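*Asks:* Supplied structure: target34.csv, CSV, C-alpha atoms and all ligand atoms.
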```csv
chain,number,residue,atom,x,y,z
W,1,MET,CA,194.3,85.5,7.8
W,2,VAL,CA,195.0,86.8,4.2
W,3,LYS,CA,192.3,88.8,2.5
W,4,VAL,CA,192.5,89.7,-1.2
W,5,THR,CA,190.0,92.0,-2.8
W,6,VAL,CA,189.4,92.1,-6.6
W,7,CYS,CA,187.7,95.3,-7.8
W,8,GLY,CA,186.2,94.7,-11.3
W,9,ALA,CA,185.8,91.0,-10.4
W,10,ALA,CA,182.9,90.4,-12.9
W,11,GLY,CA,184.9,91.7,-15.9
W,12,GLY,CA,186.8,90.1,-18.7
W,13,ILE,CA,189.9,90.1,-16.6
W,14,GLY,CA,188.3,90.0,-13.2
W,15,GLN,CA,186.5,86.7,-13.6
W,16,PRO,CA,189.5,84.5,-14.8
W,17,LEU,CA,191.8,86.3,-12.4
W,18,SER,CA,189.5,85.5,-9.5
W,19,LEU,CA,189.3,81.9,-10.7
W,20,LEU,CA,193.1,81.7,-10.7
W,21,LEU,CA,193.3,83.3,-7.2
W,22,LYS,CA,190.6,80.9,-5.9
W,23,GLN,CA,193.2,78.1,-6.5
W,24,SER,CA,195.6,79.5,-4.0
W,25,LYS,CA,195.9,77.8,-0.6
W,26,LEU,CA,197.3,81.0,0.9
W,27,ILE,CA,194.2,83.2,0.5
W,28,ASP,CA,191.7,82.9,3.4
W,29,HIS,CA,189.2,85.4,2.1
W,30,LEU,CA,188.7,86.4,-1.5
W,31,ALA,CA,186.4,89.4,-1.7
W,32,LEU,CA,184.9,90.1,-5.2
W,33,TYR,CA,183.7,93.6,-5.9
W,34,ASP,CA,182.0,95.0,-9.0
W,35,ILE,CA,179.2,97.4,-9.8
W,36,VAL,CA,177.3,94.5,-11.4
W,37,ASN,CA,177.3,90.7,-11.4
W,38,ALA,CA,179.8,90.2,-8.6
W,39,HIS,CA,177.3,88.0,-6.8
W,40,GLY,CA,176.9,85.4,-9.6
W,41,VAL,CA,180.7,85.1,-10.0
W,42,ALA,CA,181.2,84.7,-6.3
W,43,VAL,CA,178.5,82.1,-5.8
W,44,GLU,CA,180.0,80.0,-8.6
W,45,LEU,CA,183.6,80.3,-7.5
W,46,GLY,CA,182.4,79.5,-3.9
W,47,HIS,CA,181.5,76.0,-5.2
W,48,ILE,CA,185.1,75.3,-5.8
W,49,ASN,CA,186.6,73.1,-3.1
W,50,THR,CA,189.7,75.1,-2.3
W,51,HIS,CA,190.6,76.8,1.0
W,52,SER,CA,189.4,80.4,0.5
W,53,LYS,CA,186.0,81.8,1.5
W,54,VAL,CA,184.5,83.9,-1.4
W,55,THR,CA,182.3,86.9,-0.7
W,56,SER,CA,180.5,89.2,-3.1
W,57,HIS,CA,180.0,92.9,-2.9
W,58,GLU,CA,178.0,94.9,-5.5
W,59,GLY,CA,177.7,98.6,-5.8
W,60,ASP,CA,179.0,101.6,-3.8
W,61,SER,CA,177.2,100.7,-0.6
W,62,GLN,CA,179.1,97.4,-0.4
W,63,LEU,CA,182.5,98.7,-1.3
W,64,LYS,CA,183.6,99.3,2.3
W,65,ASP,CA,183.0,95.7,3.3
W,66,ALA,CA,184.8,94.5,0.1
W,67,VAL,CA,188.0,96.3,0.8
W,68,LYS,CA,187.9,96.5,4.6
W,69,ASP,CA,191.2,95.3,6.1
W,70,ALA,CA,192.3,93.7,2.9
W,71,ASP,CA,196.0,92.7,2.7
W,72,ILE,CA,196.0,93.1,-1.1
W,73,VAL,CA,193.6,95.1,-3.3
W,74,VAL,CA,193.7,94.4,-7.0
W,75,ILE,CA,192.0,96.9,-9.3
W,76,SER,CA,191.0,95.8,-12.8
W,77,ALA,CA,187.8,97.9,-12.9
W,78,GLY,CA,187.2,100.1,-15.8
W,79,VAL,CA,186.7,100.3,-19.5
W,80,PRO,CA,188.9,98.4,-22.1
W,81,ARG,CA,189.9,99.9,-25.5
W,82,LYS,CA,187.8,99.8,-28.6
W,83,PRO,CA,189.5,99.7,-32.0
W,84,GLY,CA,191.1,103.0,-32.9
W,85,MET,CA,191.6,104.0,-29.2
W,86,SER,CA,194.9,104.5,-27.4
W,87,ARG,CA,195.2,103.5,-23.7
W,88,ASP,CA,195.4,107.2,-22.9
W,89,ASP,CA,191.9,107.6,-24.4
W,90,LEU,CA,190.6,105.5,-21.4
W,91,PHE,CA,191.9,108.0,-18.9
W,92,LYS,CA,188.7,110.1,-18.9
W,93,ILE,CA,186.6,107.3,-17.6
W,94,ASN,CA,189.1,105.0,-15.8
W,95,ALA,CA,190.9,107.7,-13.8
W,96,SER,CA,187.6,108.5,-11.9
W,97,ILE,CA,186.9,104.8,-11.4
W,98,VAL,CA,190.4,104.1,-10.0
W,99,ARG,CA,190.3,107.3,-7.9
W,100,ASP,CA,187.0,106.2,-6.2
W,101,LEU,CA,188.2,102.7,-5.6
W,102,SER,CA,191.5,103.9,-4.1
W,103,VAL,CA,189.7,106.3,-1.9
W,104,ALA,CA,187.9,103.3,-0.4
W,105,ALA,CA,191.2,101.4,-0.1
W,106,ALA,CA,192.9,104.4,1.6
W,107,GLU,CA,190.0,104.7,4.1
W,108,PHE,CA,189.3,101.1,4.9
W,109,ALA,CA,192.6,99.2,4.0
W,110,PRO,CA,195.3,101.9,4.3
W,111,LYS,CA,198.0,99.3,4.8
W,112,ALA,CA,197.1,97.1,1.8
W,113,LEU,CA,199.4,96.3,-1.1
W,114,VAL,CA,197.6,97.9,-4.1
W,115,CYS,CA,197.9,96.4,-7.6
W,116,ILE,CA,196.6,98.4,-10.6
W,117,ILE,CA,195.6,96.7,-13.9
W,118,SER,CA,193.2,99.4,-15.1
W,119,ASN,CA,194.6,101.4,-18.1
W,120,PRO,CA,196.3,103.7,-18.8
W,121,VAL,CA,198.6,102.2,-16.1
W,122,ASN,CA,201.2,104.9,-16.7
W,123,SER,CA,198.7,107.4,-15.4
W,124,THR,CA,196.3,105.4,-13.1
W,125,VAL,CA,199.2,104.4,-10.8
W,126,PRO,CA,200.0,108.1,-10.0
W,127,VAL,CA,196.3,108.7,-9.4
W,128,VAL,CA,196.3,106.1,-6.7
W,129,ALA,CA,199.5,107.5,-5.1
W,130,GLN,CA,197.9,111.0,-5.0
W,131,ILE,CA,194.8,109.6,-3.2
W,132,PHE,CA,196.9,107.7,-0.6
W,133,LYS,CA,199.0,110.9,-0.1
W,134,LYS,CA,195.8,112.9,0.4
W,135,TYR,CA,194.6,110.4,3.0
W,136,GLY,CA,198.0,110.5,4.8
W,137,CYS,CA,198.7,106.8,4.3
W,138,TYR,CA,200.9,106.6,1.3
W,139,ASP,CA,203.7,104.1,1.3
W,140,PRO,CA,205.4,104.0,-2.1
W,141,ARG,CA,206.6,100.4,-1.4
W,142,LYS,CA,203.0,99.2,-1.5
W,143,LEU,CA,201.9,100.4,-4.9
W,144,PHE,CA,202.3,98.3,-8.1
W,145,GLY,CA,201.2,98.9,-11.7
W,146,ILE,CA,200.9,95.4,-13.1
W,147,THR,CA,203.1,95.1,-16.2
W,148,THR,CA,203.7,91.3,-16.0
W,149,LEU,CA,201.8,90.8,-19.3
W,150,ASP,CA,204.6,92.6,-21.1
W,151,THR,CA,207.2,90.2,-19.6
W,152,VAL,CA,205.0,87.2,-20.4
W,153,ARG,CA,204.5,88.3,-24.0
W,154,ALA,CA,208.2,89.3,-24.5
W,155,SER,CA,209.3,85.9,-23.2
W,156,THR,CA,206.9,84.0,-25.4
W,157,PHE,CA,207.8,85.9,-28.6
W,158,LEU,CA,211.6,85.7,-27.9
W,159,ALA,CA,211.4,82.0,-27.1
W,160,GLU,CA,209.6,81.4,-30.4
W,161,LEU,CA,212.4,83.1,-32.3
W,162,ILE,CA,215.4,81.6,-30.6
W,163,GLY,CA,213.9,78.1,-30.3
W,164,ALA,CA,213.9,78.1,-26.5
W,165,ASN,CA,211.3,76.7,-24.0
W,166,PRO,CA,209.1,79.8,-23.2
W,167,GLU,CA,209.0,78.8,-19.6
W,168,ASP,CA,212.8,79.1,-19.4
W,169,VAL,CA,212.8,82.6,-20.8
W,170,ASN,CA,212.2,85.7,-18.7
W,171,VAL,CA,212.6,89.1,-20.4
W,172,PRO,CA,212.7,92.0,-18.0
W,173,VAL,CA,210.5,94.9,-19.4
W,174,ILE,CA,211.1,98.4,-18.1
W,175,GLY,CA,209.6,101.8,-18.7
W,176,GLY,CA,205.8,101.8,-18.8
W,177,HIS,CA,202.8,99.9,-20.2
W,178,SER,CA,201.9,101.6,-23.4
W,179,GLY,CA,203.5,101.6,-26.9
W,180,VAL,CA,206.9,103.1,-27.0
W,181,THR,CA,207.1,103.2,-23.2
W,182,ILE,CA,207.3,99.4,-23.2
W,183,ILE,CA,211.1,98.6,-23.2
W,184,PRO,CA,212.0,94.9,-23.4
W,185,LEU,CA,215.5,94.2,-22.2
W,186,LEU,CA,216.1,91.4,-24.7
W,187,SER,CA,219.9,91.8,-24.2
W,188,ARG,CA,219.5,90.4,-20.7
W,189,VAL,CA,218.4,87.0,-22.0
W,190,SER,CA,221.0,84.5,-23.2
W,191,GLY,CA,220.3,83.3,-26.8
W,192,SER,CA,219.1,86.8,-27.8
W,193,GLU,CA,222.5,87.5,-29.2
W,194,LYS,CA,221.5,85.2,-32.1
W,195,LEU,CA,219.0,87.8,-33.3
W,196,THR,CA,219.8,90.0,-36.3
W,197,ASP,CA,219.3,93.8,-35.9
W,198,GLU,CA,216.2,93.5,-38.0
W,199,GLN,CA,214.8,90.7,-35.9
W,200,ARG,CA,215.5,92.6,-32.7
W,201,GLU,CA,213.7,95.7,-34.0
W,202,LYS,CA,210.7,93.7,-35.3
W,203,LEU,CA,210.4,91.7,-32.1
W,204,THR,CA,210.6,94.9,-30.0
W,205,GLU,CA,207.8,96.5,-32.0
W,206,ARG,CA,205.7,93.3,-31.7
W,207,ILE,CA,206.1,93.4,-27.9
W,208,GLN,CA,205.3,97.1,-27.7
W,209,TYR,CA,202.1,96.7,-29.7
W,210,ALA,CA,201.0,93.2,-28.6
W,211,GLY,CA,197.9,94.8,-26.9
W,212,GLU,CA,196.9,96.1,-30.4
W,213,GLU,CA,197.4,92.6,-31.8
W,214,VAL,CA,194.8,91.2,-29.4
W,215,LEU,CA,192.5,94.1,-29.9
W,216,LYS,CA,192.5,93.5,-33.6
W,217,ALA,CA,192.1,89.8,-33.3
W,218,LYS,CA,189.1,90.2,-31.0
W,219,ASP,CA,187.5,92.5,-33.6
W,220,GLY,CA,185.9,95.1,-31.4
W,221,LYS,CA,185.0,92.7,-28.6
W,222,GLY,CA,187.6,93.8,-26.0
W,223,THR,CA,191.3,93.5,-25.3
W,224,ALA,CA,193.5,91.0,-23.5
W,225,THR,CA,191.6,89.3,-20.7
W,226,LEU,CA,192.8,85.7,-20.3
W,227,SER,CA,196.6,86.3,-20.8
W,228,MET,CA,196.2,89.3,-18.5
W,229,ALA,CA,194.4,87.2,-15.9
W,230,TYR,CA,197.4,84.7,-16.1
W,231,ALA,CA,199.9,87.5,-15.8
W,232,GLY,CA,198.0,89.3,-13.0
W,233,ALA,CA,197.7,86.0,-11.1
W,234,ARG,CA,201.4,85.4,-11.5
W,235,PHE,CA,202.2,88.7,-9.9
W,236,VAL,CA,199.5,88.7,-7.2
W,237,LEU,CA,200.2,85.1,-6.2
W,238,LYS,CA,203.9,86.0,-5.6
W,239,LEU,CA,202.7,89.0,-3.5
W,240,ILE,CA,200.4,86.7,-1.5
W,241,ASP,CA,203.3,84.3,-1.0
W,242,ALA,CA,205.4,87.2,0.2
W,243,VAL,CA,202.6,88.3,2.7
W,244,ALA,CA,201.7,84.8,3.9
W,245,ASN,CA,205.2,83.3,4.1
W,246,ASP,CA,207.5,86.3,4.5
W,247,VAL,CA,209.5,85.4,1.5
W,248,THR,CA,211.0,87.6,-1.3
W,249,HIS,CA,210.1,87.5,-4.9
W,250,THR,CA,211.2,89.3,-8.1
W,251,GLU,CA,209.1,90.7,-11.0
W,252,CYS,CA,209.0,93.9,-13.1
W,253,ALA,CA,206.3,96.4,-12.1
W,254,TYR,CA,205.4,100.0,-12.7
W,255,ILE,CA,206.4,101.7,-9.4
W,256,ASP,CA,207.1,104.9,-7.6
W,257,THR,CA,210.8,105.4,-8.0
W,258,THR,CA,211.1,106.7,-4.5
W,259,ALA,CA,210.2,103.3,-3.1
W,260,ASP,CA,213.9,102.5,-2.8
W,261,ASP,CA,216.2,105.5,-3.0
W,262,VAL,CA,219.3,103.3,-3.6
W,263,GLY,CA,217.8,101.3,-6.5
W,264,ALA,CA,216.2,104.3,-8.0
W,265,LYS,CA,219.6,105.7,-8.6
W,266,SER,CA,220.1,103.5,-11.7
W,267,ILE,CA,216.7,104.7,-13.1
W,268,LYS,CA,217.5,108.3,-12.3
W,269,LEU,CA,220.9,107.9,-14.0
W,270,LEU,CA,219.0,107.0,-17.1
W,271,ALA,CA,215.9,109.1,-16.7
W,272,GLY,CA,216.5,112.1,-14.7
W,273,ASN,CA,213.6,112.6,-12.4
W,274,LEU,CA,210.9,110.2,-13.5
W,275,GLU,CA,208.6,109.6,-10.5
W,276,TYR,CA,207.2,106.4,-11.8
W,277,PHE,CA,208.9,103.7,-13.9
W,278,ALA,CA,208.6,100.0,-14.6
W,279,ALA,CA,211.6,98.2,-13.3
W,280,PRO,CA,212.6,94.8,-11.9
W,281,ILE,CA,211.9,94.9,-8.2
W,282,GLU,CA,212.3,92.6,-5.2
W,283,PHE,CA,209.3,92.5,-2.9
W,284,GLY,CA,208.4,91.0,0.4
W,285,LYS,CA,205.5,91.2,2.9
W,286,SER,CA,205.8,95.0,3.3
W,287,GLY,CA,206.1,95.6,-0.4
W,288,ILE,CA,209.1,96.7,-2.4
W,289,LYS,CA,212.4,95.8,-0.8
W,290,SER,CA,214.6,97.0,-3.6
W,291,ILE,CA,214.6,98.3,-7.2
W,292,LEU,CA,217.1,96.2,-9.2
W,293,SER,CA,219.6,98.0,-11.4
W,294,VAL,CA,218.6,98.9,-14.9
W,295,GLU,CA,222.0,100.4,-15.8
W,296,LYS,CA,223.5,97.7,-18.1
W,297,ILE,CA,221.4,98.1,-21.2
W,298,SER,CA,222.4,97.9,-24.9
W,299,THR,CA,222.7,100.9,-27.1
W,300,PHE,CA,219.5,99.8,-28.9
W,301,GLU,CA,217.7,99.6,-25.6
W,302,PHE,CA,219.0,103.0,-24.5
W,303,LYS,CA,217.6,104.5,-27.7
W,304,LEU,CA,214.2,103.0,-26.8
W,305,PHE,CA,214.5,104.5,-23.4
W,306,THR,CA,215.1,108.0,-24.6
W,307,THR,CA,212.1,107.7,-26.9
W,308,ALA,CA,210.0,106.6,-24.0
W,309,VAL,CA,210.8,109.3,-21.5
W,310,PRO,CA,208.7,112.3,-22.9
W,311,GLU,CA,205.5,110.1,-23.1
W,312,LEU,CA,206.2,108.7,-19.6
W,313,LYS,CA,206.6,112.2,-18.2
W,314,SER,CA,203.4,113.5,-19.7
W,315,SER,CA,201.4,110.4,-18.6
W,316,ILE,CA,202.7,110.7,-15.1
W,317,LEU,CA,201.9,114.4,-14.9
W,318,LYS,CA,198.4,113.7,-16.2
W,319,GLY,CA,197.8,111.2,-13.3
W,320,VAL,CA,199.3,113.5,-10.7
W,321,ASP,CA,197.4,116.6,-11.8
W,322,PHE,CA,194.1,114.7,-11.8
W,323,ILE,CA,193.9,114.8,-8.1
W,324,THR,CA,193.5,118.2,-6.7
W,325,ASP,CA,192.9,119.2,-3.1
V,401,LIG,N1,197.7,96.2,-17.1
V,401,LIG,C1,197.6,95.5,-18.2
V,401,LIG,O1,198.5,94.9,-18.7
V,401,LIG,C2,196.2,95.3,-18.8
V,401,LIG,C3,195.9,94.3,-19.7
V,401,LIG,C4,194.7,94.2,-20.2
V,401,LIG,C5,193.7,95.1,-19.9
V,401,LIG,N2,194.0,96.1,-19.0
V,401,LIG,C6,192.9,97.0,-18.6
V,401,LIG,O2,192.1,96.4,-17.6
V,401,LIG,C7,190.8,97.1,-17.5
V,401,LIG,C8,189.7,96.0,-17.5
V,401,LIG,O3,189.7,95.3,-18.7
V,401,LIG,P1,188.5,94.2,-18.9
V,401,LIG,O4,188.8,93.6,-20.3
V,401,LIG,O5,188.4,93.3,-17.7
V,401,LIG,O6,187.2,95.1,-19.0
V,401,LIG,P2,185.7,94.7,-18.8
V,401,LIG,O7,184.8,95.7,-19.3
V,401,LIG,O8,185.5,93.3,-19.3
V,401,LIG,O9,185.6,94.6,-17.2
V,401,LIG,C9,185.7,95.7,-16.4
V,401,LIG,C10,184.8,95.5,-15.2
V,401,LIG,O10,184.9,96.7,-14.3
V,401,LIG,C11,183.7,96.9,-13.8
V,401,LIG,N3,183.6,98.2,-13.3
V,401,LIG,C12,183.3,99.4,-14.0
V,401,LIG,N4,183.3,100.5,-13.1
V,401,LIG,C13,183.5,99.9,-11.9
V,401,LIG,C14,183.6,100.5,-10.6
V,401,LIG,N5,183.4,101.8,-10.4
V,401,LIG,N6,183.8,99.7,-9.6
V,401,LIG,C15,184.0,98.4,-9.7
V,401,LIG,N7,183.9,97.8,-10.9
V,401,LIG,C16,183.7,98.6,-12.0
V,401,LIG,C17,182.7,96.5,-14.9
V,401,LIG,O11,181.4,96.3,-14.4
V,401,LIG,C18,183.3,95.3,-15.5
V,401,LIG,O12,182.8,94.1,-14.8
V,401,LIG,C19,190.8,98.0,-18.8
V,401,LIG,O13,191.1,99.3,-18.4
V,401,LIG,C20,191.9,97.4,-19.6
V,401,LIG,O14,192.4,98.4,-20.5
V,401,LIG,C21,195.2,96.2,-18.5
V,402,LIG,O1,196.0,96.8,-25.1
V,402,LIG,C1,195.2,97.1,-24.2
V,402,LIG,O2,194.4,98.1,-24.3
V,402,LIG,C2,195.0,96.2,-23.0
V,402,LIG,C3,196.3,95.9,-22.3
V,402,LIG,O3,197.0,97.1,-21.9
V,402,LIG,C4,197.3,95.1,-23.1
V,402,LIG,O4,198.5,95.3,-23.2
V,402,LIG,O5,196.8,94.0,-23.7
```
Do you think you could lay out the structure here as structure tokens?
Ligand SMILES: NC(=O)c1ccc[n+]([C@@H]2O[C@H](COP(=O)([O-])OP(=O)(O)OC[C@H]3O[C@@H](n4cnc5c(N)ncnc54)[C@H](O)[C@@H]3O)[C@@H](O)[C@H]2O)c1
Ligand SMILES: O=C(O)C[C@H](O)C(=O)O

*Replies:*
Amino acid sequence: MVKVTVCGAAGGIGQPLSLLLKQSKLIDHLALYDIVNAHGVAVELGHINTHSKVTSHEGDSQLKDAVKDADIVVISAGVPRKPGMSRDDLFKINASIVRDLSVAAAEFAPKALVCIISNPVNSTVPVVAQIFKKYGCYDPRKLFGITTLDTVRASTFLAELIGANPEDVNVPVIGGHSGVTIIPLLSRVSGSEKLTDEQREKLTERIQYAGEEVLKAKDGKGTATLSMAYAGARFVLKLIDAVANDVTHTECAYIDTTADDVGAKSIKLLAGNLEYFAAPIEFGKSGIKSILSVEKISTFEFKLFTTAVPELKSSILKGVDFITD
């Protein structure tokens, strides 16, 4: 019996993400939670003739049932950016939303694999960790900040430039999910050696600021939703497969670097003591199995990395300090 709960299910990301999850044969129970409109979304998705049962849960009083005994809790609840805002500007509102939802997860689904989409991911992931620690049920292997959209974008943009099929390109993206903390490892993809230095720099900047590209194109009406739902589903469906079929998958995600002491060494060699970092990971039904090495990076990528570290450190601290006893 696999239960997946989507928190923020009536939102711009939550709706298409729930639709994509509804297509999975591996989910038995898809629970949709939002403070508004979850019922309408759930009734409609419930008409789709795929395996999972869909339930709706609206408002605080129904949060417990939404998350109770979930195997996977996905949090996309919160506010998206408006023009002129940074992701960090969302912290004031979204940190409290993510905190309250993770309190419910810690109380009623303490063993769940928890996936965070709500921005600023670099800080909201530490908020969740602090809550699970407070409730005595923290397992660093089970917490994931979803950064798959960065890999999806980097792969699309690189494929365009080198004339490859985008489906055959998979660019690992490390660091975090915001501006300069987004570090695409273009050098890991064969064909990228064709790029000139100028192309590499421009491409890296486009990947780092692709969220702004969508924000601008939507002209004040939100940020990435559909591509995020695609990316979120890609990650969560792999996690579901891991849970249901006891198999191992690989993706990049923003994780607690203590999840795997051995793998974290390569990050720590680069970064000193960063507590959270986006890295390629292998995961199975109990969460992270190993953090894959990020040591072999180019000089250009190492420079990106050193630029990212101060912002990552302060974003992590902001999330950690948000939860006090
Ligand atoms: N990780 C990523 O790569 C990535 C990509 C795109 C967007 N995001 C972030 O995802 C978040 C959601 O974006 P969106 O476009 O779906 O926004 P949205 O406003 O369309 O949807 C958010 C939903 O959250 C709900 N919500 C608000 N407070 C809630 C609460 N306490 N409990 C449950 N639900 C609540 C709202 O009712 C709404 O339905 C934003 O923070 C955005 O910045 C992250
Ligand atoms: O840019 C945003 O604010 C949303 C998201 O983080 C993105 O990368 O598209």

*Asks:* Could you give me, as a Markdown table, a per-residue list for stretch 60-84 of chain W showing, wherever an atom lies at most 10 Å from an atom of stretch 133-155 of chain W, the closest pair of atoms and their distance in Å to one decimal, using only C-alpha atoms and sorting by chain then residue number from low to high?

*Replies:*
```
| residue | atom | partner | partner_atom | distance |
| --- | --- | --- | --- | --- |
| W:Ile72 | CA | W:Lys142 | CA | 9.3 |
| W:Val73 | CA | W:Leu143 | CA | 10.0 |
| W:Val74 | CA | W:Ile146 | CA | 9.5 |
| W:Ile75 | CA | W:Gly145 | CA | 9.7 |
| W:Ser76 | CA | W:Ile146 | CA | 9.9 |
```

*Asks:* When distances are computed from only C-alpha atoms, which of W:Ala253, W:Leu32, W:Ala308, W:Val128 shows the smallest separation from W:Phe283?

*Replies:*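 Using only C-alpha atoms, W:Phe283 sits closest to W:Ala253.
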
*Asks:* Given a cut-off of 7 Å, what residues near ligand LIG 401 (chain V) show up using only C-alpha atoms and all ligand atoms, put as an MDAnalysis selection string?

*Replies:* chainID W and resid 7:14 33:36 76:81 87 90 94 97 101 116:121 145:150 177 222:225 228

*Asks:* Which one is closest to W:Ser61: W:Tyr209, W:Pro110, W:Ala104, W:Ile291? Count all atoms listed in the file.

*Replies:*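 Result for the nearest residue to W:Ser61: W:Ala104.
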
*Asks:* Could you check which of W:Gln23, W:Gln130, W:Gln208, W:Thr50 is closest to ligand LIG 402 (chain V), using only C-alpha atoms and all ligand atoms?

*Replies:*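 Closest to ligand LIG 402 (chain V), using only C-alpha atoms and all ligand atoms: W:Gln208.
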
*Asks:* What is the distance between atom CA of W:Ile316 and atom CA of W:Ser18, in Å to one decimal?

*Replies:*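 These two atoms are separated by 29.0 Å.
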
*Asks:* Would you work out the distance separating atom CA of W:Ser286 from atom CA of W:Phe132, expressed in Å to one decimal?

*Replies:*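 So the two atoms, atom CA of W:Ser286 and atom CA of W:Phe132, lie 16.0 Å apart.
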
*Asks:* Could you check how far atom CA of W:Ser315 sits from atom CA of W:Ser187, in Å to one decimal?

*Replies:*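 Atom-to-atom, atom CA of W:Ser315 and atom CA of W:Ser187 are spaced 26.8 Å apart.
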
*Asks:* Compare W:Gly284, W:Glu167, W:Ser86, W:Ile323 by their minimum atom-to-atom distance to W:Ile240, counting all atoms listed in the file, and give me the closest one.

*Replies:*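 Among W:Gly284, W:Glu167, W:Ser86, W:Ile323, it is W:Gly284 that comes nearest to W:Ile240.
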
*Asks:* Could you give me, as a PyMOL selection string, the residues within 8 Å of W:Lys3, counting only C-alpha atoms and dropping anything in the same chain fewer than 4 positions from it?

*Replies:* chain W and resi 27-31+69-72

*Asks:* I need the residues from that last selection saved to file as a PDB file, keeping the file's coordinate frame (with C-alpha atoms), if you can.

*Replies:*
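Wrote result24.pdb, looks like this:
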```pdb
ATOM      1  CA  ILE W  27     194.200  83.200   0.500  1.00  0.00           C
ATOM      2  CA  ASP W  28     191.700  82.900   3.400  1.00  0.00           C
ATOM      3  CA  HIS W  29     189.200  85.400   2.100  1.00  0.00           C
ATOM      4  CA  LEU W  30     188.700  86.400  -1.500  1.00  0.00           C
ATOM      5  CA  ALA W  31     186.400  89.400  -1.700  1.00  0.00           C
ATOM      6  CA  ASP W  69     191.200  95.300   6.100  1.00  0.00           C
ATOM      7  CA  ALA W  70     192.300  93.700   2.900  1.00  0.00           C
ATOM      8  CA  ASP W  71     196.000  92.700   2.700  1.00  0.00           C
ATOM      9  CA  ILE W  72     196.000  93.100  -1.100  1.00  0.00           C
TER      10      ILE W  72
END
```

*Asks:* Write out as a list of chain:residue names which residues come within 7 Å of W:Leu226 when counting all atoms listed in the file, dropping same-chain ones fewer than 3 positions away.

*Replies:*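 Counting all atoms listed in the file, the residues come to W:Ile13, W:Pro16, W:Ala229, W:Tyr230.
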
*Asks:* For the selection just defined, write its residues with C-alpha atoms to a file, as a CSV table (one decimal), keeping the file's coordinate frame.

*Replies:*
```csv
chain,number,residue,atom,x,y,z
W,13,ILE,CA,189.9,90.1,-16.6
W,16,PRO,CA,189.5,84.5,-14.8
W,229,ALA,CA,194.4,87.2,-15.9
W,230,TYR,CA,197.4,84.7,-16.1
```

*Asks:* Identify which of the residues W:Ser190, W:Ser123, W:Ala106, W:Ala242 lies closest to W:Tyr276, counting only C-alpha atoms when measuring atom-to-atom distances.

*Replies:*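 Smallest separation from W:Tyr276 among the options: W:Ser123.
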
*Asks:* How would you write as a ChimeraX atom specification the residues that get within 10 Å of (187.1, 99.7, -35.7) in the file's frame, counting all atoms listed in the file?

*Replies:* /W:82-85,215-216,219-220

*Asks:* Please determine, counting only C-alpha atoms and all ligand atoms, which residue among W:Asn122, W:Ser24, W:Asn49, W:Gln199 has the shortest atom-to-atom distance to ligand LIG 402 (chain V).

*Replies:*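 With only C-alpha atoms and all ligand atoms as the atom set, the closest residue is W:Asn122.
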